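This is protein-v1.txt. It holds compact mmCIF, C-alpha atoms.
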# COMPACT_ATOMS: atom_id res chain seq x y z
CA MET A 128 7.48 18.15 91.20
CA VAL A 129 8.50 21.83 91.03
CA VAL A 130 11.05 22.93 93.61
CA ASP A 131 10.43 26.51 94.68
CA THR A 132 13.36 28.80 95.21
CA ARG A 133 14.24 32.22 96.60
CA VAL A 134 17.03 34.67 95.72
CA GLU A 135 18.84 35.74 98.88
CA ASP A 136 20.50 39.16 99.36
CA ASN A 137 23.87 37.73 98.25
CA GLY A 138 22.39 36.44 95.00
CA VAL A 139 22.42 32.77 96.05
CA VAL A 140 19.36 30.77 95.09
CA SER A 141 18.00 28.67 97.94
CA GLY A 142 14.96 26.58 98.63
CA ALA A 143 11.77 28.61 99.32
CA SER A 144 8.01 28.49 99.06
CA ARG A 145 7.86 29.94 95.58
CA PRO A 146 10.18 30.80 92.66
CA PRO A 147 11.65 34.29 92.47
CA SER A 148 10.25 36.90 90.15
CA VAL A 149 12.01 37.37 86.84
CA ASP A 150 13.08 40.86 87.89
CA ALA A 151 14.49 39.73 91.22
CA LEU A 152 16.48 36.92 89.62
CA ALA A 153 17.76 39.26 86.92
CA ARG A 154 18.90 41.82 89.50
CA SER A 155 20.75 39.14 91.41
CA LEU A 156 22.88 38.57 88.31
CA ALA A 157 23.95 42.21 87.93
CA GLY A 158 27.53 41.35 88.89
CA THR A 159 28.06 39.83 85.44
CA GLY A 160 28.09 43.34 83.98
CA LEU A 161 25.47 42.44 81.37
CA PRO A 162 22.67 44.91 80.59
CA HIS A 163 19.52 44.29 82.64
CA ALA A 164 17.52 43.49 79.50
CA LEU A 165 19.80 40.52 78.72
CA LEU A 166 19.67 39.36 82.35
CA VAL A 167 15.87 39.41 82.18
CA ASP A 168 16.07 37.07 79.18
CA VAL A 169 18.39 34.74 81.12
CA ALA A 170 16.17 34.81 84.21
CA ARG A 171 13.01 34.16 82.26
CA SER A 172 14.60 31.20 80.46
CA ALA A 173 15.98 29.72 83.68
CA ILE A 174 12.66 29.98 85.49
CA ALA A 175 10.76 28.51 82.52
CA ASP A 176 13.14 25.55 82.46
CA GLY A 177 12.89 24.99 86.21
CA ALA A 178 16.64 25.63 86.47
CA VAL A 179 16.88 28.76 88.58
CA GLU A 180 20.05 27.43 90.17
CA ASP A 181 21.72 27.56 86.71
CA ALA A 182 20.89 31.21 86.12
CA ALA A 183 24.35 32.49 87.08
CA SER A 184 26.15 30.03 84.79
CA ARG A 185 23.75 30.86 81.97
CA ALA A 186 24.44 34.57 82.39
CA GLU A 187 28.17 33.92 82.38
CA ALA A 188 27.80 31.91 79.16
CA VAL A 189 25.96 34.84 77.54
CA ARG A 190 28.73 37.22 78.63
CA ARG A 191 31.51 35.00 77.33
CA ARG A 192 29.82 34.60 73.94
CA LEU A 193 30.09 38.34 73.33
CA LEU A 194 33.16 39.54 71.43
CA THR A 195 36.01 39.44 73.93
CA PRO A 196 39.73 40.27 73.73
CA VAL A 197 41.81 37.10 74.01
CA ILE A 198 45.48 36.11 74.08
CA ASN A 199 46.44 34.14 70.99
CA ALA A 200 48.90 31.47 72.18
CA THR A 201 48.08 29.05 69.35
CA GLY A 202 51.15 29.77 67.23
CA VAL A 203 48.90 30.79 64.32
CA LEU A 204 49.64 34.46 63.71
CA LEU A 205 46.64 35.11 61.48
CA HIS A 206 44.01 32.98 63.21
CA THR A 207 40.68 33.32 61.40
CA ASN A 208 38.67 32.38 64.52
CA LEU A 209 40.53 35.12 66.43
CA GLY A 210 40.01 37.90 63.90
CA ARG A 211 43.15 37.37 61.81
CA ALA A 212 45.54 40.34 61.99
CA PRO A 213 45.26 42.12 65.36
CA LEU A 214 45.18 45.88 64.94
CA ALA A 215 44.76 48.82 67.29
CA HIS A 216 43.10 51.87 65.80
CA HIS A 217 41.85 54.99 67.53
CA GLN A 218 40.22 58.07 66.12
CA GLU A 219 38.43 60.96 67.70
CA ALA A 220 34.62 60.96 67.78
CA ARG A 221 34.45 63.73 65.21
CA ALA A 222 33.19 64.16 61.68
CA GLN A 223 35.64 62.93 59.06
CA SER A 224 36.33 63.97 55.46
CA VAL A 225 35.20 60.61 54.11
CA GLU A 226 33.60 62.02 50.95
CA LEU A 227 34.54 65.71 51.16
CA ASP A 228 37.42 67.15 49.13
CA LEU A 229 39.01 69.69 51.49
CA VAL A 230 40.90 71.30 48.60
CA THR A 231 37.88 72.13 46.43
CA GLY A 232 35.18 72.06 49.11
CA GLU A 233 33.12 69.75 46.91
CA ARG A 234 31.99 66.18 47.32
CA GLY A 235 34.82 63.75 46.70
CA SER A 236 35.39 59.99 46.62
CA ARG A 237 35.81 57.91 49.75
CA GLN A 238 38.27 55.82 47.76
CA ARG A 239 40.68 58.61 46.85
CA ALA A 240 42.77 59.02 50.02
CA VAL A 241 43.43 55.36 50.75
CA GLY A 242 43.35 54.33 47.11
CA GLN A 243 46.22 56.61 46.14
CA LEU A 244 48.34 55.32 49.03
CA LEU A 245 47.69 51.68 48.15
CA ALA A 246 48.42 52.42 44.49
CA ARG A 247 51.74 53.94 45.53
CA LEU A 248 52.60 50.88 47.63
CA THR A 249 51.67 48.34 44.94
CA GLY A 250 53.16 50.26 42.01
CA SER A 251 49.76 50.41 40.32
CA GLU A 252 47.84 53.15 38.55
CA ALA A 253 44.85 53.04 40.91
CA ALA A 254 43.29 51.11 43.78
CA ILE A 255 39.97 50.85 45.58
CA VAL A 256 38.83 49.19 48.81
CA VAL A 257 35.82 46.96 49.50
CA ASN A 258 34.83 45.01 52.60
CA ASN A 259 36.81 41.77 52.00
CA ASN A 260 38.70 39.93 49.30
CA ALA A 261 35.74 37.77 48.30
CA ALA A 262 33.89 41.03 47.62
CA ALA A 263 36.85 42.29 45.61
CA VAL A 264 36.81 39.21 43.36
CA LEU A 265 33.01 39.39 43.00
CA LEU A 266 33.12 43.08 42.08
CA VAL A 267 35.87 42.62 39.48
CA LEU A 268 34.02 39.74 37.80
CA ALA A 269 30.67 41.56 37.84
CA ALA A 270 32.12 44.82 36.53
CA LEU A 271 34.41 43.40 33.86
CA ALA A 272 33.00 40.02 32.82
CA ALA A 273 29.22 39.78 33.42
CA GLY A 274 27.66 37.72 30.63
CA ARG A 275 31.08 36.75 29.28
CA ASP A 276 33.65 33.98 29.77
CA VAL A 277 36.45 33.92 32.34
CA ALA A 278 39.24 31.37 31.96
CA VAL A 279 40.40 29.66 35.19
CA SER A 280 42.78 26.75 35.66
CA ARG A 281 41.06 23.68 37.09
CA GLY A 282 43.82 23.59 39.71
CA GLU A 283 42.75 27.06 40.90
CA SER A 284 38.98 26.54 40.88
CA VAL A 285 39.11 26.04 44.64
CA GLU A 286 37.10 26.37 47.81
CA ILE A 287 38.77 28.19 50.68
CA GLY A 288 37.61 29.16 54.19
CA GLY A 289 34.03 30.15 54.85
CA GLY A 290 32.69 28.30 51.79
CA PHE A 291 34.25 30.72 49.26
CA ARG A 292 34.11 28.70 46.03
CA VAL A 293 35.45 30.18 42.82
CA PRO A 294 32.71 28.62 40.60
CA GLU A 295 29.94 29.93 42.87
CA VAL A 296 31.40 33.44 43.06
CA MET A 297 31.71 33.35 39.27
CA GLU A 298 28.05 32.36 38.96
CA GLN A 299 26.89 35.14 41.29
CA SER A 300 28.86 37.70 39.29
CA GLY A 301 27.12 36.76 36.05
CA ALA A 302 30.37 35.63 34.42
CA ARG A 303 30.78 32.20 32.84
CA LEU A 304 33.53 29.89 34.05
CA VAL A 305 35.76 28.30 31.41
CA ASP A 306 37.80 25.43 32.90
CA VAL A 307 41.36 25.25 31.65
CA GLY A 308 43.84 22.40 31.93
CA THR A 309 43.73 19.79 34.69
CA THR A 310 43.79 19.83 38.46
CA ASN A 311 47.55 19.33 38.70
CA ARG A 312 48.90 20.64 35.39
CA THR A 313 47.82 23.68 33.39
CA ARG A 314 50.08 24.94 30.62
CA LEU A 315 50.01 28.09 28.51
CA ALA A 316 48.86 25.96 25.55
CA ASP A 317 45.76 25.00 27.55
CA TYR A 318 44.81 28.66 27.93
CA GLN A 319 45.50 29.30 24.24
CA ARG A 320 43.18 26.46 23.20
CA ALA A 321 40.46 27.68 25.59
CA LEU A 322 40.66 31.19 24.16
CA GLU A 323 40.56 29.88 20.59
CA ARG A 324 37.43 27.86 21.36
CA ALA A 325 35.67 30.74 23.10
CA GLY A 326 36.79 33.36 20.61
CA ALA A 327 36.28 37.04 21.47
CA ASP A 328 33.91 36.24 24.34
CA VAL A 329 36.67 35.71 26.94
CA ALA A 330 36.71 38.84 29.09
CA LEU A 331 39.41 37.85 31.61
CA VAL A 332 41.90 35.24 32.65
CA LEU A 333 41.59 34.74 36.42
CA LYS A 334 44.57 33.38 38.36
CA VAL A 335 43.65 32.37 41.92
CA HIS A 336 45.92 31.99 44.94
CA PRO A 337 45.01 28.52 46.28
CA SER A 338 45.28 29.77 49.88
CA ASN A 339 45.37 26.78 52.24
CA TYR A 340 45.00 24.34 49.35
CA ARG A 341 48.19 22.94 47.87
CA VAL A 342 49.13 20.25 45.35
CA ASP A 343 52.66 18.88 45.37
CA GLY A 344 54.43 16.43 43.10
CA PHE A 345 53.58 16.12 39.41
CA VAL A 346 52.35 19.70 38.96
CA GLU A 347 52.71 22.59 36.54
CA ASP A 348 51.09 25.97 36.29
CA THR A 349 51.35 29.05 34.10
CA SER A 350 52.89 32.27 35.35
CA VAL A 351 51.25 35.68 35.23
CA GLU A 352 53.99 36.83 32.85
CA GLU A 353 53.11 34.06 30.38
CA LEU A 354 49.36 34.69 30.72
CA ALA A 355 49.83 38.41 30.09
CA GLY A 356 50.92 37.61 26.53
CA LEU A 357 47.53 36.10 25.64
CA GLY A 358 45.99 39.49 24.84
CA VAL A 359 43.28 39.17 27.51
CA PRO A 360 43.42 41.10 30.83
CA VAL A 361 44.80 38.93 33.62
CA VAL A 362 43.27 39.32 37.09
CA ALA A 363 45.37 37.75 39.85
CA ASP A 364 43.69 37.02 43.16
CA ILE A 365 46.84 36.89 45.31
CA GLY A 366 44.72 36.54 48.44
CA SER A 367 47.08 37.08 51.34
CA GLY A 368 48.05 40.69 50.75
CA LEU A 369 51.83 40.68 50.56
CA LEU A 370 52.62 44.11 49.08
CA ASP A 371 56.19 43.60 47.93
CA ALA A 372 58.26 40.41 47.73
CA THR A 373 61.39 42.38 48.61
CA THR A 374 59.81 43.33 51.98
CA PRO A 375 61.67 46.67 52.27
CA TRP A 376 60.21 47.14 55.75
CA TRP A 377 61.78 43.90 57.08
CA PRO A 378 65.07 44.04 59.02
CA GLY A 379 67.29 42.17 56.60
CA PRO A 380 66.53 39.99 53.55
CA PRO A 381 62.96 38.73 53.02
CA PRO A 382 62.07 36.00 55.56
CA ALA A 383 62.31 32.45 54.26
CA TRP A 384 58.70 31.68 55.19
CA LEU A 385 57.50 34.15 52.52
CA SER A 386 59.40 32.39 49.74
CA GLY A 387 57.03 31.74 46.84
CA GLU A 388 54.21 33.89 48.24
CA PRO A 389 52.79 36.08 45.43
CA ALA A 390 53.15 39.82 46.03
CA ALA A 391 51.08 42.66 44.58
CA ARG A 392 53.93 44.78 43.22
CA GLN A 393 55.69 41.91 41.44
CA THR A 394 52.44 40.41 40.12
CA LEU A 395 51.46 43.72 38.52
CA ALA A 396 54.97 44.21 37.17
CA ALA A 397 54.73 40.75 35.57
CA GLY A 398 51.75 41.91 33.54
CA ALA A 399 48.60 41.40 35.61
CA ALA A 400 45.96 44.00 34.78
CA LEU A 401 44.53 43.81 38.30
CA VAL A 402 45.34 42.17 41.62
CA THR A 403 42.94 41.54 44.47
CA PHE A 404 43.95 40.78 48.05
CA SER A 405 42.89 40.86 51.71
CA GLY A 406 43.57 43.65 54.17
CA ASP A 407 43.63 41.50 57.31
CA LYS A 408 46.22 38.87 56.37
CA LEU A 409 49.84 39.61 55.46
CA LEU A 410 48.98 43.27 55.01
CA GLY A 411 48.32 43.31 58.78
CA GLY A 412 45.29 45.60 58.71
CA PRO A 413 41.51 45.51 59.16
CA GLN A 414 39.18 43.23 57.24
CA ALA A 415 39.04 44.65 53.72
CA GLY A 416 39.51 43.71 50.10
CA ILE A 417 41.72 45.68 47.75
CA VAL A 418 41.59 45.95 43.96
CA ALA A 419 44.69 47.51 42.40
CA GLY A 420 46.00 47.84 38.86
CA ARG A 421 45.04 49.55 35.61
CA ALA A 422 43.22 52.81 36.19
CA ASP A 423 40.55 52.17 33.51
CA LEU A 424 39.63 48.77 34.97
CA VAL A 425 39.65 50.04 38.55
CA ALA A 426 37.36 52.91 37.45
CA ARG A 427 34.90 50.43 35.90
CA CYS A 428 34.85 48.48 39.17
CA ALA A 429 34.29 51.67 41.19
CA ALA A 430 31.40 52.70 38.90
CA HIS A 431 29.58 49.36 39.16
CA PRO A 432 26.41 49.36 41.35
CA LEU A 433 27.88 46.60 43.54
CA ALA A 434 30.70 48.93 44.58
CA ARG A 435 28.32 50.92 46.78
CA ALA A 436 26.98 47.77 48.45
CA LEU A 437 30.50 46.49 49.11
CA ARG A 438 32.19 49.74 50.14
CA PRO A 439 33.86 50.05 53.55
CA GLY A 440 33.04 52.60 56.23
CA GLY A 441 35.14 55.44 57.57
CA LEU A 442 36.63 53.38 60.41
CA VAL A 443 38.09 50.81 58.02
CA LEU A 444 39.35 53.48 55.63
CA ALA A 445 41.03 55.41 58.45
CA ALA A 446 42.69 52.24 59.77
CA LEU A 447 43.93 51.35 56.29
CA GLN A 448 45.25 54.87 55.79
CA ASP A 449 47.25 54.67 59.01
CA LEU A 450 48.56 51.25 57.94
CA ALA A 451 49.54 52.48 54.47
CA VAL A 452 51.41 55.43 55.98
CA ALA A 453 53.28 53.01 58.28
CA TYR A 454 54.36 51.00 55.22
CA LEU A 455 55.57 54.17 53.55
CA ARG A 456 57.53 55.01 56.70
CA ARG A 457 58.82 51.39 56.67
CA ASP A 458 58.24 50.98 60.40
CA VAL A 459 55.55 48.28 60.30
CA CYS A 460 57.81 45.81 62.14
CA THR A 461 57.50 48.02 65.22
CA THR A 462 54.05 49.58 64.76
CA VAL A 463 51.91 46.82 63.18
CA PRO A 464 51.23 43.86 65.49
CA PHE A 465 51.38 41.13 62.85
CA TRP A 466 54.79 42.21 61.56
CA ARG A 467 56.07 42.92 65.06
CA HIS A 468 55.15 39.39 66.11
CA ALA A 469 56.63 37.89 62.94
CA ALA A 470 59.91 39.79 63.39
CA ALA A 471 60.50 38.79 67.04
CA SER A 472 63.60 36.62 67.41
CA VAL A 473 63.36 33.11 68.81
CA ASP A 474 65.86 34.11 71.51
CA GLU A 475 63.53 36.88 72.61
CA LEU A 476 60.59 34.46 72.76
CA ARG A 477 62.66 32.01 74.82
CA ARG A 478 63.60 34.76 77.28
CA ARG A 479 59.96 35.71 77.71
CA ALA A 480 58.92 32.08 78.17
CA THR A 481 61.65 31.61 80.78
CA ALA A 482 60.46 34.68 82.69
CA ILE A 483 56.83 33.46 82.63
CA THR A 484 57.70 29.98 83.92
CA ALA A 485 59.96 31.47 86.62
CA GLU A 486 57.22 33.83 87.80
CA SER A 487 54.47 31.22 87.74
CA GLY A 488 56.52 28.21 88.84
CA VAL A 489 54.77 26.17 86.16
CA GLY A 490 55.77 24.77 82.77
CA ASP A 491 58.83 24.09 80.65
CA VAL A 492 60.33 26.30 77.94
CA VAL A 493 60.24 24.59 74.53
CA ASP A 494 60.97 25.42 70.89
CA LEU A 495 57.90 25.38 68.67
CA ASP A 496 56.85 25.89 65.06
CA ALA A 497 54.40 28.71 64.37
CA VAL A 498 52.58 29.30 61.07
CA PRO A 499 51.43 32.47 59.30
CA GLY A 500 47.82 31.24 59.12
CA ALA A 501 44.67 32.32 57.22
CA GLY A 502 45.89 30.57 54.08
CA SER A 503 49.00 32.76 53.87
CA ALA A 504 52.26 31.09 52.82
CA PRO A 505 50.71 27.59 53.06
CA GLY A 506 53.02 24.81 54.16
CA THR A 507 55.61 27.14 55.71
CA ILE A 508 56.62 27.48 59.36
CA ILE A 509 58.14 30.21 61.49
CA SER A 510 60.50 29.08 64.24
CA SER A 511 59.10 29.97 67.64
CA ALA A 512 59.22 29.22 71.36
CA GLY A 513 56.79 28.93 74.22
CA ILE A 514 55.68 26.91 77.22
CA ARG A 515 54.72 23.26 77.67
CA LEU A 516 52.36 22.16 80.44
CA ALA A 517 51.75 18.51 81.27
CA GLY A 518 48.10 17.60 80.71
CA ASP A 519 45.26 19.30 78.86
CA HIS A 520 44.58 22.76 80.31
CA VAL A 521 43.01 24.35 77.23
CA ALA A 522 39.56 24.84 78.80
CA ARG A 523 40.98 26.26 82.05
CA LEU A 524 43.17 28.73 80.17
CA ARG A 525 40.19 29.75 78.06
CA SER A 526 38.29 30.63 81.26
CA ALA A 527 41.00 33.02 82.50
CA PRO A 528 39.99 36.68 83.09
CA THR A 529 41.63 37.45 79.75
CA PRO A 530 40.99 34.19 77.90
CA ILE A 531 44.15 32.43 76.71
CA ILE A 532 43.74 30.34 73.58
CA ALA A 533 46.28 27.51 73.55
CA ARG A 534 46.64 24.09 71.95
CA ALA A 535 46.76 20.57 73.39
CA ARG A 536 48.41 17.53 71.82
CA ASP A 537 50.14 14.37 72.94
CA GLY A 538 48.95 14.78 76.54
CA ALA A 539 50.33 18.31 76.94
CA THR A 540 49.28 21.93 76.50
CA PHE A 541 51.43 24.34 74.48
CA LEU A 542 51.42 28.13 74.68
CA ASP A 543 53.26 29.54 71.67
CA LEU A 544 54.44 33.14 72.26
CA ARG A 545 54.94 34.05 68.59
CA ALA A 546 51.56 35.83 68.35
CA VAL A 547 51.47 37.05 71.99
CA ASP A 548 52.30 40.65 72.88
CA ALA A 549 54.91 40.93 75.61
CA ALA A 550 52.42 43.12 77.50
CA ASP A 551 50.27 39.99 77.97
CA ASP A 552 53.03 37.91 79.58
CA PRO A 553 51.96 38.87 83.17
CA ALA A 554 48.39 37.70 82.39
CA ILE A 555 49.75 34.34 81.22
CA ALA A 556 51.90 33.98 84.33
CA ALA A 557 48.91 34.79 86.53
CA ALA A 558 46.76 32.21 84.74
CA LEU A 559 49.46 29.55 85.08
CA ARG A 560 49.79 30.24 88.80
Please go through the file and, once you have read it, give me the structure as structure tokens.
Amino acid sequence: MVVDTRVEDNGVVSGASRPPSVDALARSLAGTGLPHALLVDVARSAIADGAVEDAASRAEAVRRRLLTPVINATGVLLHTNLGRAPLAHHQEARAQSVELDLVTGERGSRQRAVGQLLARLTGSEAAIVVNNNAAAVLLVLAALAAGRDVAVSRGESVEIGGGFRVPEVMEQSGARLVDVGTTNRTRLADYQRALERAGADVALVLKVHPSNYRVDGFVEDTSVEELAGLGVPVVADIGSGLLDATTPWWPGPPPAWLSGEPAARQTLAAGAALVTFSGDKLLGGPQAGIVAGRADLVARCAAHPLARALRPGGLVLAALQDLAVAYLRRDVCTTVPFWRHAAASVDELRRRATAITAESGVGDVVDLDAVPGAGSAPGTIISSAGIRLAGDHVARLRSAPTPIIARARDGATFLDLRAVDAADDPAIAAALR
């Protein structure tokens, strides 16, 4: 039996002699702030399903599935599900000299402005930008090794987030994968034997950052410096985007949690011909992939047809330019959110947590362990602090006006403040109240 309904003036659906029109039901949902066209879709679906009374909750679900700013209280600074490195960027709605050389008045390269800054920061001859690091690896392989062999340690032939598999990327590029060594131990002699077997057909040696994959125990690998002596260009996918292991922008010596993380400047200095890395991880910028190193190899990548398909737009280039300038000023720990969050002292986080619990009257202040995230510095932790709530409140916090993303374990909910801006503390206190 079909139950007829009517939409009252206040938007409430009540029993009536016939169902409301699609337009009337859609207009009753206008308070969600969704465009009328989307509300019509919701209304039509609800009426067709005989669930007019669910129309409001369906509209709310549509609204909440749109991209929405959230508060990252997970303790994962670079949370892939939350967009990795948070970054504010503003530019005027005006034309931009993306491919115009203002000195000569002629057409220029969109890569020149940002590329020269990134080259300066990495100590390389040249650099270009594409839309993510997977694209950077694909472009390098396609431009420099299509139809030829590329030597990769079996321990680095990995799959990382999003289904990025080194053998599959190699196949798409047209290069041929040559497995070297074993999963846990790959020595220089293994590479030498592989090159002897393949002869002159080996175009590159590819060294891959294993990201969130790690093997401990009976392991051995070969350094970039050793590989550079083989006489074949070495391409190092360092992944996470640490520019310089000495972290000259950091207040004090390099943080312990970056120990062992490969850095672009040192990898190139060790003999790598090229490095590739992400823009939205330890670099702290927008999603992008960067190729830096020898000018002749970078030029071949830039000239490859794939480079146009993988190139970034003006918004990404402008954001990266601002970021690169901040690194050159060495003020990223105050101007770039990722580094500002990473540099906050545990005492400061405890003080903020204490203020939040005092204002809300809810929760206990606790010490926590945060992580860099997004495959950066795998296995390391960053000391942190936050708030513990008895019980699982993850779903309720996620439904706050500004959704708060927290974690639940062992019968409690934890809000780690390491990746939370202090400006969001009042919103957390309000949600806890």
Can I get the residues of range 379-410 of chain A within 12 Å of range 494-515 of chain A, each with the closest pair of atoms and their distance in Å to one decimal, using all atoms listed in the file, sorted chain first then ascending number, as a Markdown table?
| residue | atom | partner | partner_atom | distance |
| --- | --- | --- | --- | --- |
| A:Pro382 | CA | A:Ile509 | CA | 9.2 |
| A:Ala383 | CA | A:Ile509 | CA | 8.6 |
| A:Trp384 | CA | A:Thr507 | CA | 5.5 |
| A:Leu385 | CA | A:Ala504 | CA | 6.1 |
| A:Ser386 | CA | A:Ala504 | CA | 7.9 |
| A:Gly387 | CA | A:Ala504 | CA | 7.7 |
| A:Glu388 | CA | A:Ala504 | CA | 5.7 |
| A:Pro389 | CA | A:Ala504 | CA | 8.9 |
| A:Ala390 | CA | A:Ala504 | CA | 11.1 |
| A:Phe404 | CA | A:Ser503 | CA | 11.1 |
| A:Ser405 | CA | A:Ala501 | CA | 10.3 |
| A:Gly406 | CA | A:Ala501 | CA | 11.8 |
| A:Asp407 | CA | A:Ala501 | CA | 9.2 |
| A:Lys408 | CA | A:Ala501 | CA | 6.8 |
| A:Leu409 | CA | A:Ser503 | CA | 7.1 |
| A:Leu410 | CA | A:Ser503 | CA | 10.6 |
From the options A:Arg275, A:Pro378, A:Val169, A:Gly440, which residue's atoms come nearest to Arg154 in chain A, counting all atoms listed in the file?
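Of A:Arg275, A:Pro378, A:Val169, A:Gly440, the one nearest Arg154 in chain A, counting all atoms listed in the file, is A:Val169.
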What lies within 12 Å of range 228-236 of chain A using all atoms listed in the file, ignoring chain neighbours under 2 positions off, as a list in words?
Gln223, Ser224, Val225, Glu226, Gln238, Arg239, Ala240, Val241, Gly242, Gln243, Ile255, Val256, Ala426, Ala429, Ala430, Arg435, Arg438, Gly441 and Leu444 of chain A
Please, could you write that set of residues out with C-alpha atoms as a short mmCIF file (atom, residue, chain, number, x, y, z; two decimals), in the frame of the given file?
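Dumped everything to result02.cif:
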data_model
loop_
_atom_site.label_atom_id
_atom_site.label_comp_id
_atom_site.auth_asym_id
_atom_site.auth_seq_id
_atom_site.Cartn_x
_atom_site.Cartn_y
_atom_site.Cartn_z
CA GLN A 223 35.64 62.93 59.06
CA SER A 224 36.33 63.97 55.46
CA VAL A 225 35.20 60.61 54.11
CA GLU A 226 33.60 62.02 50.95
CA GLN A 238 38.27 55.82 47.76
CA ARG A 239 40.68 58.61 46.85
CA ALA A 240 42.77 59.02 50.02
CA VAL A 241 43.43 55.36 50.75
CA GLY A 242 43.35 54.33 47.11
CA GLN A 243 46.22 56.61 46.14
CA ILE A 255 39.97 50.85 45.58
CA VAL A 256 38.83 49.19 48.81
CA ALA A 426 37.36 52.91 37.45
CA ALA A 429 34.29 51.67 41.19
CA ALA A 430 31.40 52.70 38.90
CA ARG A 435 28.32 50.92 46.78
CA ARG A 438 32.19 49.74 50.14
CA GLY A 441 35.14 55.44 57.57
CA LEU A 444 39.35 53.48 55.63
#
Pick out the closest residue to Val359 in chain A from this set: A:Phe291, A:Phe345, A:Tyr318, A:Trp377. Count all atoms listed in the file.
A:Tyr318
Length of the CA of Asp458 in chain A to CA of Ala397 in chain A vector [Å]:
27.1 Å
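What separates CA of Pro464 in chain A from CA of Ala446 in chain A is a distance of 13.3 Å.
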Between CA of Ala186 in chain A and CA of His163 in chain A - distance in Å to one decimal:
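Going from CA of His163 in chain A over to CA of Ala186 in chain A covers 10.9 Å.
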Taking all listed atoms of range 531-544 of chain A, build the axis-aligned box, pad each of the six sides by 4 Å, then write its centre and edge lengths in Å to one decimal as lines of an AutoDock Vina configuration file.
center_x = 49.1
center_y = 23.8
center_z = 74.3
size_x = 18.7
size_y = 26.8
size_z = 13.3
Can you pull out the residues contacting Asp449 in chain A? Cut-off 12 Å, using all atoms listed in the file, and skip same-chain residues under 3 positions away; I want them as a ChimeraX atom specification.
/A:214-218,240-241,244-245,411-413,442-446,452-456,458-459,462-463
In terms of all atoms listed in the file, the residue from A:Pro432, A:Pro213, A:Gly518, A:Pro553 at minimal distance from Ala269 in chain A is A:Pro432
Could you give me, as a PyMOL selection string, the residues that sit within 10 Å of (46.8, 24.8, 80.0) in the file's coordinates, counting all atoms listed in the file?
chain A and resi 490+514-525+531-535+539-542+558-559
Residues near Glu295 in chain A, cut-off 12 Å, all atoms listed in the file, skip fewer than 6 positions along chain, as a PDB file with C-alpha atoms, keeping the file's coordinate frame:
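File around.pdb, as written:
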ATOM      1  CA  ALA A 261      35.740  37.770  48.300  1.00  0.00           C
ATOM      2  CA  VAL A 264      36.810  39.210  43.360  1.00  0.00           C
ATOM      3  CA  LEU A 265      33.010  39.390  43.000  1.00  0.00           C
ATOM      4  CA  LEU A 268      34.020  39.740  37.800  1.00  0.00           C
ATOM      5  CA  SER A 284      38.980  26.540  40.880  1.00  0.00           C
ATOM      6  CA  VAL A 285      39.110  26.040  44.640  1.00  0.00           C
ATOM      7  CA  GLU A 286      37.100  26.370  47.810  1.00  0.00           C
ATOM      8  CA  ILE A 287      38.770  28.190  50.680  1.00  0.00           C
ATOM      9  CA  GLY A 301      27.120  36.760  36.050  1.00  0.00           C
ATOM     10  CA  ALA A 302      30.370  35.630  34.420  1.00  0.00           C
ATOM     11  CA  ARG A 303      30.780  32.200  32.840  1.00  0.00           C
ATOM     12  CA  LEU A 304      33.530  29.890  34.050  1.00  0.00           C
TER      13      LEU A 304
END
For Glu252 in chain A, which of A:Ala182, A:Val402, A:Leu333, A:Val351 is the closest residue, counting only C-alpha atoms?
A:Val402
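Among the candidates A:Ala399, A:Val418, A:Ala470, A:Ile483, the residue lying nearest to Ala557 in chain A is A:Ile483 (atoms considered: all atoms listed in the file).
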Which polymer residues have any atom within 7 Å of an atom of Cys428 in chain A, counting all atoms listed in the file, with same-chain residues fewer than 4 positions away left out, as an mmCIF file with C-alpha atoms, in the frame of the given file?
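So the final result, stored in out-v2.cif, reads:
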data_model
loop_
_atom_site.group_PDB
_atom_site.id
_atom_site.type_symbol
_atom_site.label_atom_id
_atom_site.label_comp_id
_atom_site.auth_asym_id
_atom_site.auth_seq_id
_atom_site.Cartn_x
_atom_site.Cartn_y
_atom_site.Cartn_z
ATOM 1 C CA LEU A 266 33.120 43.080 42.080
ATOM 2 C CA VAL A 267 35.870 42.620 39.480
ATOM 3 C CA ALA A 270 32.120 44.820 36.530
ATOM 4 C CA LEU A 424 39.630 48.770 34.970
ATOM 5 C CA ALA A 434 30.700 48.930 44.580
#
Which of these, A:Ala527, A:Ala273, A:Cys460, A:Ala391, has the shortest distance to Thr249 in chain A once you count all atoms listed in the file?
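The closest residue to Thr249 in chain A is A:Ala391.
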